[in-house]
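Shown next, in structure tokens, is the structure this report addresses.
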Protein chains: 2
Amino acid sequence: MTQLTRTFAALSDPTRLSLVETLIASGELPAGALAAQATISAPAISRHLKVLREAGVVRQRIEGTHRFYSVDAGALARINSWTMDHRSFWGKSLDRLDGMLALDPEGEDQ
Amino acid sequence: MTQLTRTFAALSDPTRLSLVETLIASGELPAGALAAQATISAPAISRHLKVLREAGVVRQRIEGTHRFYSVDAGALARINSWTMDHRSFWGKSLDRLDGMLALDPEGEDQ
DNA sequence: GCGTTAATTAACATTTGCGTTAATAAAAGA
DNA sequence: TCTTTTATTAACGCAAATGTTAATTAACGC
């Protein structure tokens with residue numbers, strides 16, 4: 001498991017992706033607040049947070065009995081770097097698709 | 001499982017990520033060529049390719065007994081879209097990090 | 001038609017992932 | 001100090017993922 005595959009694995013679960021989106025929107029939240037909005041049990045959330053932490057996707061800040069979680073910006077940046085590393089591969093098709101949608105409803109393929 | 005989590009799940013396995021990288025580099029390859037460079041068995045590779053296909057990460061083109069695989073550019077574009085959707089979150093830190101590395105070896109934190 | 005080649009599917013064993021409830025740990029507050 | 005609050009870890013069950021070898025499917029070439 002590389003760093004990148006671990007990051008992808010961390011985000012491959014709907015519950016965890018949802019936690020990440022919530023944390024991106026809120027900035028920093030204690031485990032309890034994250035568990036409160038979830039449909040599964042607090043221990044389950046706690047373990048999902050552990051997976052995210054071990055993958056380097058979130059960070060934990062301890063204050064008293066509270067554990068505040070936040071998304072590590074670097075994790076998203078790493079994913080972005082990977083896609084950008086291959087931009088010459090997918091970027092062309094994307095630009096072409098954009099062009100087709102915007103300028104040529106009939107398409108331009110042979 | 002959303003489309004995005006399925007894409008992340010497809011790329012969360014080192015073997016599958018490696019297949020994708022190979023296909024990005026080579027463009028299009030038959031299953032046999034992909035199996036040949038792998039350390040695991042051909043049936044195992046065949047199933048990994050199926051996972052990638054069902055997640056929309058690769059496409060299959062049939063020609064005789066050969067199945068040619070290639071990466072679907074849209075899959076990488078979707079991941080890139082997700083990171084870009086949250087760029088205001090991680091972009092700032094990244095820019096700041098870039099700035100620190102380029103301009104201020106001592107850092108600028110208190 | 002028949003054997004060969006390319007690839008997948010079947011059957012099986014093992015491991016990993018994810019959920020639950022119960023138990024534990026540690027800080028706060030009366 | 002004793003109880004409450006916050007959060008995690010333990011123990012357990014079950015479903016899904018991943019690997020292997022054997023069997024199957026389909027096209028080629030003689």
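Ordered as shown in the structure tokens, chains take letters A, B, and onward, while each chain numbers its residues from 1 and ligands are numbered from 1 in the order shown.
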
Tell me the residues of chain C close to chain B, meaning within 12 Å using only C-alpha atoms (C1' of nucleotides), as a ChimeraX atom specification. /C:5-10

Filtering to N, CA and C atoms (P, O5', C5', C4', C3', O3' and C1' of nucleotides), could you give me those residues as a compact mmCIF listing (two decimals), in the first residue's frame?
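The file below, part33.txt, is the result:
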```txt
# COMPACT_ATOMS: atom_id res chain seq x y z
P DT C 5 -0.05 -22.50 -28.18
O5' DT C 5 -0.99 -21.21 -28.14
C5' DT C 5 -1.23 -20.47 -29.34
C4' DT C 5 -2.20 -19.34 -29.04
C3' DT C 5 -1.89 -18.56 -27.76
O3' DT C 5 -1.97 -17.17 -28.05
C1' DT C 5 -4.12 -19.32 -27.71
P DA C 6 -1.70 -16.08 -26.90
O5' DA C 6 -3.20 -15.70 -26.50
C5' DA C 6 -4.01 -14.99 -27.43
C4' DA C 6 -5.23 -14.46 -26.71
C3' DA C 6 -4.90 -13.77 -25.38
O3' DA C 6 -5.61 -12.53 -25.34
C1' DA C 6 -6.46 -15.54 -25.03
P DA C 7 -5.42 -11.54 -24.10
O5' DA C 7 -6.60 -11.99 -23.14
C5' DA C 7 -7.95 -11.90 -23.65
C4' DA C 7 -8.90 -12.59 -22.71
C3' DA C 7 -8.82 -12.12 -21.25
O3' DA C 7 -9.88 -11.20 -21.03
C1' DA C 7 -9.25 -14.48 -21.48
P DT C 8 -10.27 -10.62 -19.58
O5' DT C 8 -11.37 -11.67 -19.10
C5' DT C 8 -12.42 -12.02 -20.02
C4' DT C 8 -13.23 -13.19 -19.47
C3' DT C 8 -13.81 -12.95 -18.09
O3' DT C 8 -15.21 -13.09 -18.16
C1' DT C 8 -12.75 -15.08 -18.22
P DT C 9 -16.13 -12.80 -16.88
O5' DT C 9 -16.38 -14.26 -16.29
C5' DT C 9 -17.04 -15.24 -17.09
C4' DT C 9 -17.10 -16.56 -16.33
C3' DT C 9 -17.69 -16.47 -14.92
O3' DT C 9 -18.61 -17.54 -14.78
C1' DT C 9 -15.59 -17.53 -14.84
P DA C 10 -19.31 -17.82 -13.38
O5' DA C 10 -18.43 -19.01 -12.78
C5' DA C 10 -18.26 -20.21 -13.55
C4' DA C 10 -17.80 -21.34 -12.65
C3' DA C 10 -18.41 -21.37 -11.26
O3' DA C 10 -18.63 -22.73 -10.90
C1' DA C 10 -16.05 -21.13 -11.07
```

Which residues of chain D come within 10 Å of chain B, and for each one, what is the closest pair of atoms and their distance in Å to one decimal, counting only C-alpha atoms (C1' of nucleotides), sorted by chain and residue number, as a Markdown table?
```
| residue | atom | partner | partner_atom | distance |
| --- | --- | --- | --- | --- |
| D:DT18 | C1' | B:Ala44 | CA | 7.9 |
| D:DG19 | C1' | B:Ala44 | CA | 7.1 |
| D:DT20 | C1' | B:Ser41 | CA | 8.2 |
| D:DT21 | C1' | B:Pro43 | CA | 10.0 |
| D:DA26 | C1' | B:Thr65 | CA | 6.9 |
| D:DA27 | C1' | B:Thr65 | CA | 5.3 |
| D:DC28 | C1' | B:Thr65 | CA | 8.5 |
```

Let's see if you can do this: from backbone DSSP, list all helix (DSSP H, G or I) residues in chain B, as number ranges by chain. B: 3-10, 14-26, 31-37, 42-54, 73-85, 87-103

Report as a list in words the set of chain B residues whose atoms approach chain A to within 7 Å, with distances computed over only C-alpha atoms. Met1, Thr5, Arg6, Phe8, Ala9, Leu11, Ser12, Asp13, Pro14, Ile24, Ala73, Gly74, Leu76, Ala77, Asn80, Thr83, Phe89, Trp90 and Ser93 of chain B

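When DSSP is run on the backbone, the residues of chain A that fall into strand (DSSP E) are Leu29, Pro30, Val58, Arg59, Gln60, Arg61, Ile62, Glu63, His66, Arg67, Phe68, Tyr69, Ser70 and Val71 of chain A.
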